[in-house]
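The structure appears right after this line, and notes come after that.
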Amino acid sequence: AVLSMLLADEPGILSAMLNRLSELGANILTITQSLPIHGKASVTLSLDISAMPGSMAGLIESLGSTPGAEQVRLLAVE
């Protein structure tokens, strides 16, 4: 799966998102982060979700409710 997120440029936000993904059973394959502009950074993650017990909708909802996350979108799933 490929996710796109807009995150606040604050210490610990990306780390919190990565920890949450790990807790939900997703395996992070790649991380691409843009330089922050106006206090926000765009992050694209590719994930292996084959061993994830929950649903993608639940994962997106959980990530979206993490403090500092402004947008979480599913771009693709294979």
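A note on labels: chains of the structure tokens are A, B, ... as shown, every chain counts residues from 1, and ligands are counted from 1 in their shown order.
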
Per residue of region 21-63 of chain A within 12 Å of region 11-14 of chain A, note the shortest atom pair and the distance in Å to one decimal, counting only C-alpha atoms, and order the rows by chain and increasing residue number, as CSV.
```
residue,atom,partner,partner_atom,distance
A:Leu21,CA,A:Leu14,CA,10.6
A:Ile31,CA,A:Leu14,CA,10.2
A:Thr32,CA,A:Leu14,CA,11.3
A:Gln33,CA,A:Leu14,CA,9.6
A:Gly39,CA,A:Pro11,CA,11.5
A:Lys40,CA,A:Ile13,CA,10.8
A:Ala41,CA,A:Leu14,CA,9.7
A:Ser42,CA,A:Leu14,CA,10.6
A:Val43,CA,A:Leu14,CA,8.7
A:Thr44,CA,A:Leu14,CA,11.2
A:Leu45,CA,A:Leu14,CA,11.0
A:Leu63,CA,A:Leu14,CA,10.7
```

Would you output that residue set with C-alpha atoms, as a short mmCIF file (atom, residue, chain, number, x, y, z; two decimals), in the first residue's frame?
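Result file follows (again-v3.cif):
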```cif
data_model
loop_
_atom_site.label_atom_id
_atom_site.label_comp_id
_atom_site.auth_asym_id
_atom_site.auth_seq_id
_atom_site.Cartn_x
_atom_site.Cartn_y
_atom_site.Cartn_z
CA LEU A 21 2.01 1.84 11.89
CA ILE A 31 9.69 6.75 3.46
CA THR A 32 9.86 9.88 1.31
CA GLN A 33 9.55 13.25 3.04
CA GLY A 39 5.12 24.31 8.94
CA LYS A 40 3.90 21.21 7.07
CA ALA A 41 5.73 18.34 5.38
CA SER A 42 4.42 15.88 2.82
CA VAL A 43 5.31 12.25 3.57
CA THR A 44 4.77 9.26 1.29
CA LEU A 45 5.08 5.77 2.74
CA LEU A 63 -3.26 7.57 11.56
#
```

As an NGL selection string, please: every residue in chain A that a backbone DSSP assignment puts in strand (DSSP E or B). :A and (2-8 or 27-33 or 37 or 40-48 or 69-76)

Which polymer residues have any atom within 9 Å of an atom of Leu74 (chain A), counting only C-alpha atoms, with same-chain residues fewer than 4 positions away left out, as a PDB file with N, CA, C and O atoms, in the first residue's frame?
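Result written to result_36.pdb:
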```pdb
ATOM      1  N   ALA A   1       0.860  -1.183   0.000  1.00  0.00           N
ATOM      2  CA  ALA A   1       0.000   0.000   0.000  1.00  0.00           C
ATOM      3  C   ALA A   1       0.896   1.233   0.000  1.00  0.00           C
ATOM      4  O   ALA A   1       2.002   1.205   0.541  1.00  0.00           O
ATOM      5  N   VAL A   2       0.396   2.290  -0.609  1.00  0.00           N
ATOM      6  CA  VAL A   2       1.113   3.569  -0.622  1.00  0.00           C
ATOM      7  C   VAL A   2       0.205   4.615   0.019  1.00  0.00           C
ATOM      8  O   VAL A   2      -0.942   4.790  -0.400  1.00  0.00           O
ATOM      9  N   LEU A   3       0.719   5.278   1.051  1.00  0.00           N
ATOM     10  CA  LEU A   3      -0.019   6.322   1.762  1.00  0.00           C
ATOM     11  C   LEU A   3       0.654   7.664   1.566  1.00  0.00           C
ATOM     12  O   LEU A   3       1.881   7.751   1.525  1.00  0.00           O
ATOM     13  N   SER A   4      -0.151   8.708   1.497  1.00  0.00           N
ATOM     14  CA  SER A   4       0.337  10.081   1.463  1.00  0.00           C
ATOM     15  C   SER A   4      -0.204  10.779   2.703  1.00  0.00           C
ATOM     16  O   SER A   4      -1.375  10.622   3.044  1.00  0.00           O
ATOM     17  N   MET A   5       0.683  11.535   3.368  1.00  0.00           N
ATOM     18  CA  MET A   5       0.273  12.232   4.585  1.00  0.00           C
ATOM     19  C   MET A   5       0.827  13.655   4.570  1.00  0.00           C
ATOM     20  O   MET A   5       1.896  13.897   4.035  1.00  0.00           O
ATOM     21  N   MET A  56      -7.596  -1.508   6.092  1.00  0.00           N
ATOM     22  CA  MET A  56      -6.960  -0.262   5.645  1.00  0.00           C
ATOM     23  C   MET A  56      -7.743   0.939   6.153  1.00  0.00           C
ATOM     24  O   MET A  56      -7.158   1.948   6.533  1.00  0.00           O
ATOM     25  N   ILE A  60      -6.065   3.965   8.296  1.00  0.00           N
ATOM     26  CA  ILE A  60      -6.127   5.369   7.883  1.00  0.00           C
ATOM     27  C   ILE A  60      -6.814   6.214   8.950  1.00  0.00           C
ATOM     28  O   ILE A  60      -6.363   7.316   9.272  1.00  0.00           O
TER      29      ILE A  60
END
```

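One finds CA of Ala8 (chain A) at 23.8 Å from CA of Gly25 (chain A).
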
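Residue nearest Val72 (chain A) within the list A:Leu24, A:Leu7, A:Ile37, A:Met52: A:Leu7 [criterion: smallest interatomic distance, only C-alpha atoms].
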
Distance criterion (only C-alpha atoms): nearest to Ser15 (chain A) out of A:Leu29, A:Gly68, A:Glu78, A:Gly54: A:Gly68

Got a sec: who's within 12 Å of Ser62 (chain A), counting only C-alpha atoms, leaving out chain neighbours fewer than 4 positions off, as number ranges by chain? A: 16-21, 23-24, 54-58, 66-67, 69, 71-73

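When DSSP reads the backbone of this structure, the residues of region 1-73 of chain A it assigns to helix (DSSP H, G or I) are Ile13, Leu14, Ser15, Ala16, Met17, Leu18, Asn19, Arg20, Leu21, Ser22, Glu23, Met56, Ala57, Gly58, Leu59, Ile60, Glu61, Ser62, Leu63 and Gly64 of chain A.
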
Output file for the selection above: all heavy atoms, as a short mmCIF file (atom, residue, chain, number, x, y, z; two decimals), in the first residue's frame:
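Contents of the output file selection_22.cif:
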```
data_model
loop_
_atom_site.label_atom_id
_atom_site.label_comp_id
_atom_site.auth_asym_id
_atom_site.auth_seq_id
_atom_site.Cartn_x
_atom_site.Cartn_y
_atom_site.Cartn_z
N ILE A 13 6.51 13.97 15.45
CA ILE A 13 5.27 13.63 14.72
C ILE A 13 5.49 12.43 13.80
O ILE A 13 4.73 11.47 13.84
CB ILE A 13 4.74 14.84 13.90
CG1 ILE A 13 4.45 16.02 14.80
CG2 ILE A 13 3.53 14.43 13.07
CD1 ILE A 13 3.30 15.83 15.74
N LEU A 14 6.53 12.47 12.98
CA LEU A 14 6.79 11.34 12.08
C LEU A 14 7.08 10.08 12.87
O LEU A 14 6.58 9.00 12.55
CB LEU A 14 7.94 11.66 11.12
CG LEU A 14 8.30 10.56 10.13
CD1 LEU A 14 7.11 10.16 9.27
CD2 LEU A 14 9.47 10.99 9.25
N SER A 15 7.84 10.20 13.93
CA SER A 15 8.15 9.05 14.78
C SER A 15 6.87 8.44 15.36
O SER A 15 6.71 7.22 15.38
CB SER A 15 9.09 9.47 15.91
OG SER A 15 9.35 8.40 16.76
N ALA A 16 5.93 9.27 15.79
CA ALA A 16 4.66 8.79 16.33
C ALA A 16 3.87 8.04 15.25
O ALA A 16 3.26 6.99 15.53
CB ALA A 16 3.84 9.94 16.89
N MET A 17 3.90 8.55 14.03
CA MET A 17 3.18 7.89 12.93
C MET A 17 3.81 6.53 12.64
O MET A 17 3.10 5.54 12.45
CB MET A 17 3.21 8.76 11.67
CG MET A 17 2.51 10.09 11.83
SD MET A 17 0.75 9.91 12.18
CE MET A 17 0.14 9.74 10.54
N LEU A 18 5.14 6.47 12.60
CA LEU A 18 5.82 5.21 12.32
C LEU A 18 5.58 4.19 13.43
O LEU A 18 5.36 3.00 13.15
CB LEU A 18 7.32 5.46 12.12
CG LEU A 18 7.69 6.39 10.95
CD1 LEU A 18 9.20 6.57 10.89
CD2 LEU A 18 7.13 5.89 9.64
N ASN A 19 5.59 4.65 14.67
CA ASN A 19 5.28 3.75 15.79
C ASN A 19 3.86 3.21 15.69
O ASN A 19 3.61 2.03 15.95
CB ASN A 19 5.49 4.46 17.13
CG ASN A 19 6.94 4.64 17.48
OD1 ASN A 19 7.79 3.88 17.03
ND2 ASN A 19 7.24 5.67 18.25
N ARG A 20 2.93 4.08 15.33
CA ARG A 20 1.52 3.66 15.20
C ARG A 20 1.38 2.62 14.11
O ARG A 20 0.66 1.62 14.27
CB ARG A 20 0.64 4.89 14.93
CG ARG A 20 -0.83 4.58 14.96
CD ARG A 20 -1.26 4.23 16.40
NE ARG A 20 -2.60 3.72 16.36
CZ ARG A 20 -2.98 2.57 16.93
NH1 ARG A 20 -2.14 1.85 17.60
NH2 ARG A 20 -4.21 2.16 16.83
N LEU A 21 2.06 2.82 12.98
CA LEU A 21 2.01 1.84 11.89
C LEU A 21 2.54 0.48 12.35
O LEU A 21 1.95 -0.56 12.05
CB LEU A 21 2.82 2.33 10.69
CG LEU A 21 2.15 3.41 9.85
CD1 LEU A 21 3.14 4.10 8.96
CD2 LEU A 21 1.03 2.78 9.03
N SER A 22 3.61 0.50 13.10
CA SER A 22 4.18 -0.74 13.63
C SER A 22 3.20 -1.43 14.57
O SER A 22 3.00 -2.65 14.50
CB SER A 22 5.49 -0.43 14.35
OG SER A 22 6.04 -1.59 14.90
N GLU A 23 2.54 -0.65 15.44
CA GLU A 23 1.55 -1.22 16.37
C GLU A 23 0.39 -1.87 15.62
O GLU A 23 -0.18 -2.86 16.09
CB GLU A 23 1.00 -0.12 17.27
CG GLU A 23 1.99 0.42 18.27
CD GLU A 23 1.50 1.69 18.96
OE1 GLU A 23 0.36 2.14 18.68
OE2 GLU A 23 2.26 2.24 19.77
N MET A 56 -7.60 -1.51 6.09
CA MET A 56 -6.96 -0.26 5.64
C MET A 56 -7.74 0.94 6.15
O MET A 56 -7.16 1.95 6.53
CB MET A 56 -6.88 -0.21 4.12
CG MET A 56 -5.69 -0.94 3.53
SD MET A 56 -4.08 -0.39 4.19
CE MET A 56 -4.03 1.29 3.66
N ALA A 57 -9.06 0.83 6.18
CA ALA A 57 -9.88 1.94 6.67
C ALA A 57 -9.55 2.23 8.14
O ALA A 57 -9.43 3.40 8.53
CB ALA A 57 -11.36 1.62 6.51
N GLY A 58 -9.38 1.19 8.93
CA GLY A 58 -9.01 1.36 10.33
C GLY A 58 -7.63 1.97 10.48
O GLY A 58 -7.41 2.82 11.35
N LEU A 59 -6.70 1.56 9.64
CA LEU A 59 -5.35 2.11 9.68
C LEU A 59 -5.36 3.59 9.35
O LEU A 59 -4.78 4.40 10.06
CB LEU A 59 -4.45 1.35 8.70
CG LEU A 59 -3.01 1.81 8.64
CD1 LEU A 59 -2.07 0.62 8.62
CD2 LEU A 59 -2.77 2.66 7.41
N ILE A 60 -6.06 3.96 8.30
CA ILE A 60 -6.13 5.37 7.88
C ILE A 60 -6.81 6.21 8.95
O ILE A 60 -6.36 7.32 9.27
CB ILE A 60 -6.82 5.50 6.51
CG1 ILE A 60 -5.91 4.88 5.44
CG2 ILE A 60 -7.15 6.95 6.18
CD1 ILE A 60 -6.55 4.70 4.10
N GLU A 61 -7.87 5.69 9.53
CA GLU A 61 -8.57 6.42 10.59
C GLU A 61 -7.66 6.62 11.81
O GLU A 61 -7.60 7.70 12.39
CB GLU A 61 -9.84 5.67 11.00
CG GLU A 61 -10.64 6.39 12.07
CD GLU A 61 -11.90 5.63 12.43
OE1 GLU A 61 -12.44 4.91 11.58
OE2 GLU A 61 -12.34 5.77 13.59
N SER A 62 -6.94 5.58 12.18
CA SER A 62 -6.04 5.66 13.33
C SER A 62 -4.92 6.66 13.07
O SER A 62 -4.59 7.48 13.94
CB SER A 62 -5.46 4.28 13.64
OG SER A 62 -4.58 4.35 14.72
N LEU A 63 -4.33 6.63 11.89
CA LEU A 63 -3.26 7.57 11.56
C LEU A 63 -3.79 9.00 11.50
O LEU A 63 -3.14 9.93 11.96
CB LEU A 63 -2.60 7.20 10.24
CG LEU A 63 -1.81 5.90 10.21
CD1 LEU A 63 -1.29 5.63 8.81
CD2 LEU A 63 -0.69 5.90 11.22
N GLY A 64 -4.98 9.16 10.94
CA GLY A 64 -5.57 10.50 10.82
C GLY A 64 -5.90 11.13 12.15
O GLY A 64 -5.94 12.35 12.27
#
```
